[in-house]
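One file, structure30.cif, is given below (mmCIF, C-alpha atoms).
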data_model
#
loop_
_atom_site.label_atom_id
_atom_site.label_comp_id
_atom_site.auth_asym_id
_atom_site.auth_seq_id
_atom_site.Cartn_x
_atom_site.Cartn_y
_atom_site.Cartn_z
CA MET A 27 -58.49 171.68 85.98
CA LYS A 28 -56.94 172.28 89.39
CA VAL A 29 -55.06 175.56 89.82
CA GLN A 30 -52.11 175.22 92.18
CA LEU A 31 -48.78 177.02 92.42
CA LYS A 32 -46.01 174.53 91.79
CA ALA A 33 -44.28 174.22 95.17
CA ASP A 34 -41.07 172.82 93.68
CA ILE A 35 -40.08 176.23 92.32
CA PHE A 36 -39.07 177.19 95.86
CA LYS A 37 -36.56 174.34 96.07
CA LEU A 38 -33.01 174.62 94.71
CA LYS A 39 -32.98 170.89 93.87
CA TRP A 40 -35.83 171.42 91.38
CA TYR A 41 -33.82 174.00 89.42
CA ILE A 42 -30.77 171.72 89.36
CA ASN A 43 -32.86 168.79 88.07
CA GLN A 44 -34.54 170.99 85.46
CA MET A 45 -31.16 171.96 84.02
CA ARG A 46 -30.08 168.32 83.71
CA GLY A 47 -30.62 166.01 80.78
CA TRP A 48 -30.60 168.62 78.02
CA SER A 49 -29.10 167.73 74.66
CA PHE A 50 -25.35 168.35 74.38
CA LYS A 51 -25.84 170.81 71.50
CA THR A 52 -28.25 172.77 73.66
CA TYR A 53 -25.70 173.12 76.45
CA LEU A 54 -23.12 174.37 73.95
CA LEU A 55 -25.59 176.89 72.57
CA LEU A 56 -26.51 178.03 76.09
CA MET A 57 -22.89 178.75 76.99
CA LEU A 58 -22.26 180.48 73.66
CA GLY A 59 -25.40 182.58 73.95
CA ILE A 60 -24.78 183.74 77.51
CA GLY A 61 -21.20 184.63 76.58
CA ILE A 62 -22.34 186.71 73.60
CA ILE A 63 -25.07 188.46 75.61
CA ILE A 64 -22.73 189.42 78.46
CA GLY A 65 -19.89 190.34 76.10
CA THR A 66 -22.10 192.59 73.99
CA THR A 67 -23.41 194.35 77.07
CA VAL A 68 -19.95 194.95 78.53
CA ALA A 69 -18.66 196.25 75.18
CA SER A 70 -21.47 198.84 74.97
CA PRO A 71 -22.20 201.87 77.16
CA ILE A 72 -23.68 200.49 80.38
CA ASP A 73 -26.81 202.00 81.89
CA LYS A 74 -29.97 200.72 83.59
CA ILE A 75 -31.66 199.74 80.30
CA SER A 76 -28.61 197.88 79.00
CA LEU A 77 -28.33 195.91 82.27
CA LEU A 78 -32.04 195.10 82.22
CA THR A 79 -31.68 194.03 78.59
CA MET A 80 -28.81 191.72 79.49
CA ILE A 81 -30.75 190.07 82.33
CA ALA A 82 -33.88 189.66 80.20
CA ALA A 83 -31.85 188.26 77.31
CA VAL A 84 -30.07 185.65 79.48
CA LEU A 85 -33.32 184.54 81.13
CA GLY A 86 -35.30 184.57 77.89
CA PHE A 87 -32.66 182.67 75.94
CA THR A 88 -32.40 180.02 78.64
CA CYS A 89 -36.21 179.81 78.64
CA THR A 90 -36.37 179.03 74.91
CA LEU A 91 -33.76 176.30 75.31
CA ALA A 92 -35.80 174.86 78.19
CA ILE A 93 -38.89 174.74 75.95
CA THR A 94 -36.90 172.93 73.27
CA ASN A 95 -35.88 170.37 75.89
CA ALA A 96 -39.47 170.16 77.26
CA ARG A 97 -38.48 171.41 80.73
CA GLN A 98 -40.97 173.04 83.10
CA ILE A 99 -38.42 175.61 84.25
CA ASN A 100 -39.35 177.60 81.15
CA GLY A 101 -42.33 178.93 83.13
CA ILE A 102 -40.39 180.79 85.81
CA LEU A 103 -37.64 181.87 83.40
CA GLY A 104 -40.19 183.12 80.91
CA LEU A 105 -42.16 185.01 83.55
CA MET A 106 -39.09 186.89 84.76
CA SER A 107 -37.69 187.62 81.30
CA ALA A 108 -41.03 188.73 79.83
CA THR A 109 -41.57 191.16 82.70
CA ILE A 110 -38.20 192.80 82.04
CA TYR A 111 -38.69 192.69 78.25
CA ILE A 112 -41.87 194.73 78.71
CA ILE A 113 -39.87 197.52 80.35
CA VAL A 114 -37.21 197.41 77.62
CA SER A 115 -39.83 197.34 74.83
CA VAL A 116 -41.68 200.35 76.24
CA TYR A 117 -38.40 202.26 76.32
CA ALA A 118 -37.68 201.21 72.70
CA GLN A 119 -41.27 202.09 71.60
CA ASN A 120 -41.88 198.55 70.26
CA TYR A 121 -45.42 198.44 71.64
CA ALA A 122 -46.59 195.27 69.88
CA ASN A 123 -43.68 193.51 71.57
CA VAL A 124 -45.06 194.71 74.91
CA ILE A 125 -48.33 192.93 74.11
CA LEU A 126 -46.39 189.88 72.92
CA GLN A 127 -44.50 189.61 76.20
CA GLY A 128 -47.75 189.97 78.14
CA VAL A 129 -49.25 187.13 76.12
CA TYR A 130 -46.19 185.00 76.84
CA ILE A 131 -46.81 185.49 80.57
CA VAL A 132 -50.50 184.58 80.35
CA ILE A 133 -50.44 181.55 78.05
CA LEU A 134 -46.88 180.22 78.29
CA ASP A 135 -45.51 181.00 81.75
CA LEU A 136 -48.44 180.99 84.18
CA PRO A 137 -49.91 177.65 82.97
CA VAL A 138 -46.58 175.95 83.74
CA LEU A 139 -46.53 177.44 87.23
CA LEU A 140 -50.23 177.16 88.12
CA LEU A 141 -51.36 174.06 86.24
CA PRO A 142 -48.93 171.22 87.02
CA SER A 143 -50.83 168.76 84.82
CA TRP A 144 -50.44 171.10 81.82
CA SER A 145 -46.68 170.58 81.68
CA LYS A 146 -46.51 166.96 82.87
CA ASP A 147 -44.86 164.63 80.33
CA THR A 148 -44.89 167.34 77.65
CA GLU A 149 -42.98 165.19 75.18
CA LYS A 150 -45.82 162.61 75.22
CA HIS A 151 -48.46 165.15 74.16
CA ILE A 152 -46.77 166.62 71.08
CA HIS A 153 -48.90 166.47 67.92
CA GLY A 154 -49.31 168.14 64.53
CA LEU A 155 -51.79 170.53 62.91
CA THR A 156 -54.48 169.19 60.58
CA LEU A 157 -55.50 171.12 57.47
CA THR A 158 -58.49 172.63 59.29
CA LYS A 159 -56.35 173.66 62.24
CA TRP A 160 -53.81 175.22 59.87
CA LEU A 161 -56.61 177.34 58.40
CA LEU A 162 -57.78 178.41 61.86
CA THR A 163 -54.18 179.23 62.78
CA ILE A 164 -53.77 181.46 59.73
CA ILE A 165 -57.06 183.27 60.49
CA PHE A 166 -55.96 183.78 64.10
CA PHE A 167 -52.62 185.19 62.93
CA ALA A 168 -54.32 187.60 60.49
CA VAL A 169 -56.69 188.95 63.15
CA VAL A 170 -53.88 189.46 65.67
CA LEU A 171 -51.73 191.17 63.01
CA VAL A 172 -54.46 193.70 62.19
CA LEU A 173 -55.09 194.44 65.87
CA LEU A 174 -51.40 194.93 66.65
CA TYR A 175 -50.89 197.15 63.62
CA LEU A 176 -53.81 199.33 64.69
CA LEU A 177 -52.29 199.49 68.16
CA ASP A 178 -48.96 200.66 66.77
CA THR A 179 -50.49 203.26 64.42
CA LYS A 180 -53.72 204.47 66.00
CA ILE A 181 -53.24 204.22 69.77
CA PHE A 182 -49.45 204.50 70.09
CA THR A 183 -46.94 205.83 67.58
CA SER A 184 -44.33 203.18 66.93
CA PRO A 185 -41.36 204.06 64.67
CA ARG A 186 -41.55 200.52 63.24
CA PRO A 187 -45.25 199.55 63.17
CA LEU A 188 -45.23 196.93 60.38
CA ILE A 189 -42.18 194.98 61.57
CA ASP A 190 -43.24 195.29 65.22
CA ALA A 191 -46.82 194.14 64.56
CA THR A 192 -45.84 191.27 62.28
CA ALA A 193 -43.21 189.91 64.67
CA GLY A 194 -45.68 190.22 67.54
CA ALA A 195 -48.50 188.44 65.67
CA ILE A 196 -46.24 185.55 64.69
CA GLY A 197 -44.94 185.26 68.26
CA ILE A 198 -48.45 185.24 69.74
CA THR A 199 -49.51 182.56 67.26
CA GLY A 200 -46.44 180.49 68.07
CA SER A 201 -47.06 180.78 71.80
CA LEU A 202 -50.64 179.56 71.35
CA LEU A 203 -49.39 176.53 69.42
CA CYS A 204 -46.79 175.92 72.13
CA THR A 205 -49.48 175.97 74.82
CA LEU A 206 -51.47 173.42 72.82
CA HIS A 207 -48.33 171.27 72.26
CA PHE A 208 -48.29 171.58 68.46
CA ARG A 209 -44.87 170.95 66.93
CA GLU A 210 -45.60 173.47 64.15
CA GLN A 211 -44.95 176.23 66.68
CA TYR A 212 -41.32 176.07 65.58
CA TYR A 213 -42.21 177.22 62.07
CA PHE A 214 -43.63 180.35 63.67
CA TRP A 215 -40.74 180.70 66.13
CA THR A 216 -38.29 180.53 63.21
CA ILE A 217 -40.07 183.23 61.20
CA GLN A 218 -40.59 185.30 64.32
CA GLY A 219 -36.90 184.95 65.12
CA ILE A 220 -35.96 186.35 61.71
CA LEU A 221 -38.37 189.27 62.06
CA SER A 222 -37.20 189.95 65.62
CA ILE A 223 -33.61 190.10 64.38
CA ILE A 224 -34.74 192.71 61.87
CA LEU A 225 -36.86 194.57 64.45
CA TRP A 226 -34.20 194.86 67.11
CA GLY A 227 -31.47 195.46 64.53
CA VAL A 228 -33.39 198.43 63.11
CA THR A 229 -34.23 199.55 66.67
CA ALA A 230 -30.54 199.50 67.61
CA PHE A 231 -29.43 201.38 64.50
CA GLN A 232 -32.13 203.99 65.12
CA GLY A 233 -30.69 204.55 68.59
CA ASP A 234 -33.57 203.12 70.66
CA ALA A 235 -31.72 200.03 71.94
CA ASN A 236 -28.28 198.41 71.96
CA LEU A 237 -27.23 195.39 69.90
CA THR A 238 -27.76 192.86 72.70
CA LEU A 239 -31.30 191.86 71.72
CA PHE A 240 -30.34 191.83 68.03
CA LEU A 241 -27.67 189.21 68.73
CA THR A 242 -29.88 187.40 71.27
CA TYR A 243 -32.57 186.80 68.65
CA ILE A 244 -29.94 185.38 66.33
CA MET A 245 -29.26 182.86 69.09
CA TYR A 246 -33.01 182.25 69.41
CA LEU A 247 -33.10 181.41 65.71
CA ILE A 248 -30.27 178.91 66.12
CA ASN A 249 -32.26 177.27 68.94
CA ASP A 250 -35.28 176.97 66.63
CA LEU A 251 -33.12 175.20 64.06
CA LEU A 252 -31.94 172.80 66.77
CA ALA A 253 -35.54 171.78 67.40
CA PHE A 254 -35.75 170.66 63.74
CA THR A 255 -32.38 168.92 63.54
CA ASP A 256 -31.29 167.67 66.98
CA LYS A 257 -32.48 164.09 67.40
CA HIS A 258 -32.21 164.44 71.18
CA THR A 259 -35.09 166.95 71.33
CA HIS A 260 -38.70 165.74 71.28
CA TRP A 261 -40.62 168.18 69.05
CA PHE A 262 -39.68 166.64 65.69
CA HIS A 263 -37.99 163.37 66.75
#

Is it possible to express this structure as structure tokens?
Amino acid sequence: MKVQLKADIFKLKWYINQMRGWSFKTYLLLMLGIGIIIGTTVASPIDKISLLTMIAAVLGFTCTLAITNARQINGILGLMSATIYIIVSVYAQNYANVILQGVYIVILDLPVLLLPSWSKDTEKHIHGLTLTKWLLTIIFFAVVLVLLYLLDTKIFTSPRPLIDATAGAIGITGSLLCTLHFREQYYFWTIQGILSIILWGVTAFQGDANLTLFLTYIMYLINDLLAFTDKHTHWFH
């Protein structure tokens, strides 16, 4: 497979075209989400971490909506947001989430940018898991969960090892399914969204982060539900 940086990412017209043709509900959710993210940040004490969190949240939320609408712009948005999320997660001591964001960069973002054929006509390559592939997926999830939990308890000391490791393992599994164009990724994104709401909610109430990411992951969860219900998206329709 030919590796080549997608030249269109340096053209403004490409970004404009990538933001066109989304479902109407997605546009509404995008405006609502960005408003909530900015509003929450402004209403809280502002420092470098809160500003980085706001930028990462806006980029990351837009990225998830782009994935739902099968748009290649998710690669560049995901790369930028994941890089900033890593900084925020280190500060919050959610170390499994650091690994999760790194995995997002390697198997979700870079393939879109470096392998043009990987993301071409995504909606035409969507398929479902067979029973055997479900079993392999569960085994993969279990192995990743154990490794992340050991990371959080043996190498680093995370205040929230179980929630952090579980959310990370589900996210890594979902990203693998996304890379392989399996629609069942959204089952994992939905569960991961719920756990991430819990993770960043607990993190905020323990004083290691503000509420921005807590509310952002609620918006992520709403996006996951859109993938199931909006007939104008391709993953289940």

Written as a CSV table (one decimal) with C-alpha atoms, in the coordinates of the input, which residues does the PyMOL selection byres ((chain A and resi 229-239) around 7) give for the file shown?
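Once everything was written out, this is expr.csv:
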chain,number,residue,atom,x,y,z
A,63,ILE,CA,-25.1,188.5,75.6
A,66,THR,CA,-22.1,192.6,74.0
A,67,THR,CA,-23.4,194.4,77.1
A,80,MET,CA,-28.8,191.7,79.5
A,83,ALA,CA,-31.8,188.3,77.3
A,118,ALA,CA,-37.7,201.2,72.7
A,225,LEU,CA,-36.9,194.6,64.4
A,226,TRP,CA,-34.2,194.9,67.1
A,227,GLY,CA,-31.5,195.5,64.5
A,228,VAL,CA,-33.4,198.4,63.1
A,240,PHE,CA,-30.3,191.8,68.0
A,241,LEU,CA,-27.7,189.2,68.7
A,242,THR,CA,-29.9,187.4,71.3
A,243,TYR,CA,-32.6,186.8,68.6

Which residues, named as in the file, does the PyMOL selection byres ((chain A and resi 250) around 12) pick out? Answer as a PDB file with C-alpha atoms, keeping the file's coordinate frame.
ATOM      1  CA  THR A  52     -28.250 172.770  73.660  1.00  0.00           C
ATOM      2  CA  LEU A  55     -25.590 176.890  72.570  1.00  0.00           C
ATOM      3  CA  PHE A  87     -32.660 182.670  75.940  1.00  0.00           C
ATOM      4  CA  THR A  90     -36.370 179.030  74.910  1.00  0.00           C
ATOM      5  CA  LEU A  91     -33.760 176.300  75.310  1.00  0.00           C
ATOM      6  CA  ALA A  92     -35.800 174.860  78.190  1.00  0.00           C
ATOM      7  CA  ILE A  93     -38.890 174.740  75.950  1.00  0.00           C
ATOM      8  CA  THR A  94     -36.900 172.930  73.270  1.00  0.00           C
ATOM      9  CA  ASN A  95     -35.880 170.370  75.890  1.00  0.00           C
ATOM     10  CA  GLY A 200     -46.440 180.490  68.070  1.00  0.00           C
ATOM     11  CA  ARG A 209     -44.870 170.950  66.930  1.00  0.00           C
ATOM     12  CA  GLU A 210     -45.600 173.470  64.150  1.00  0.00           C
ATOM     13  CA  GLN A 211     -44.950 176.230  66.680  1.00  0.00           C
ATOM     14  CA  TYR A 212     -41.320 176.070  65.580  1.00  0.00           C
ATOM     15  CA  TYR A 213     -42.210 177.220  62.070  1.00  0.00           C
ATOM     16  CA  PHE A 214     -43.630 180.350  63.670  1.00  0.00           C
ATOM     17  CA  TRP A 215     -40.740 180.700  66.130  1.00  0.00           C
ATOM     18  CA  THR A 216     -38.290 180.530  63.210  1.00  0.00           C
ATOM     19  CA  ILE A 217     -40.070 183.230  61.200  1.00  0.00           C
ATOM     20  CA  GLN A 218     -40.590 185.300  64.320  1.00  0.00           C
ATOM     21  CA  GLY A 219     -36.900 184.950  65.120  1.00  0.00           C
ATOM     22  CA  ILE A 220     -35.960 186.350  61.710  1.00  0.00           C
ATOM     23  CA  TYR A 243     -32.570 186.800  68.650  1.00  0.00           C
ATOM     24  CA  ILE A 244     -29.940 185.380  66.330  1.00  0.00           C
ATOM     25  CA  MET A 245     -29.260 182.860  69.090  1.00  0.00           C
ATOM     26  CA  TYR A 246     -33.010 182.250  69.410  1.00  0.00           C
ATOM     27  CA  LEU A 247     -33.100 181.410  65.710  1.00  0.00           C
ATOM     28  CA  ILE A 248     -30.270 178.910  66.120  1.00  0.00           C
ATOM     29  CA  ASN A 249     -32.260 177.270  68.940  1.00  0.00           C
ATOM     30  CA  LEU A 251     -33.120 175.200  64.060  1.00  0.00           C
ATOM     31  CA  LEU A 252     -31.940 172.800  66.770  1.00  0.00           C
ATOM     32  CA  ALA A 253     -35.540 171.780  67.400  1.00  0.00           C
ATOM     33  CA  PHE A 254     -35.750 170.660  63.740  1.00  0.00           C
ATOM     34  CA  THR A 255     -32.380 168.920  63.540  1.00  0.00           C
ATOM     35  CA  ASP A 256     -31.290 167.670  66.980  1.00  0.00           C
ATOM     36  CA  THR A 259     -35.090 166.950  71.330  1.00  0.00           C
ATOM     37  CA  TRP A 261     -40.620 168.180  69.050  1.00  0.00           C
ATOM     38  CA  PHE A 262     -39.680 166.640  65.690  1.00  0.00           C
TER      39      PHE A 262
END

Item to complete: Do a neighbour search on stretch 104-111 of chain A at 8 Å with all atoms listed in the file, toss out local chain neighbours closer than 2 positions, and write the hits as JSON, numbers by chain.
Response: {"A": [78, 79, 81, 82, 83, 85, 86, 89, 100, 101, 102, 113, 114, 115, 124, 127, 128, 130, 131, 134, 135, 136]}

Coordinates of box centre and edge lengths for stretch 238-250 of chain A, 4 Å on every side, axis-aligned, as AutoDock Vina command-line options:
--center_x -31.5 --center_y 184.9 --center_z 69.2 --size_x 15.6 --size_y 23.9 --size_z 15.0

Discussion item. Considering all atoms listed in the file, can you say which of A:Leu77, A:Val132, A:Ile72, A:Leu155 comes closest to A:Thr205?
Written reply: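 Using all atoms listed in the file, the shortest distance to A:Thr205 belongs to A:Val132.
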
Discussion item. Using only C-alpha atoms, can you tell me which of A:Gln119, A:Thr88, A:Gln44, A:Ser76 comes closest to A:Pro185?
Written reply: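 Selected residue with least distance to A:Pro185: A:Gln119.
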
Worksheet item: Nearest to A:Thr183 among A:Ile133, A:Ile99, A:Ile125, A:Val116, with distances taken over all atoms listed in the file: which residue is it?
Response: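 Closest candidate: A:Val116.
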
Discussion item. Considering only C-alpha atoms, can you say which of A:Phe208, A:Phe36, A:Tyr121, A:Phe166 comes closest to A:Leu188?
Written reply: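 Among A:Phe208, A:Phe36, A:Tyr121, A:Phe166, it is A:Tyr121 that comes nearest to A:Leu188.
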
Worksheet item: So how many Å separate atom CA of A:Ser184 and atom CA of A:Asn120, to one decimal?
Response: 6.2 Å

Worksheet item: How far is it from atom CA of A:Leu162 to atom CA of A:Thr199, in Å with one decimal?
Response: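 If I compute the distance from atom CA of A:Leu162 to atom CA of A:Thr199, I get 10.7 Å.
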
Practice prompt. Have a look at atom CA of A:His151 and atom CA of A:Leu202 and let me know their distance in Å, one decimal.
Written response: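 For atom CA of A:His151 relative to atom CA of A:Leu202, the distance reads 14.8 Å.
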
Fill in: Given all atoms listed in the file as the counted atoms, nearest of A:Ile165, A:Leu221, A:Val68, A:Leu206 to A:Thr192
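The shortest atom-to-atom distance to A:Thr192 comes from A:Leu221.
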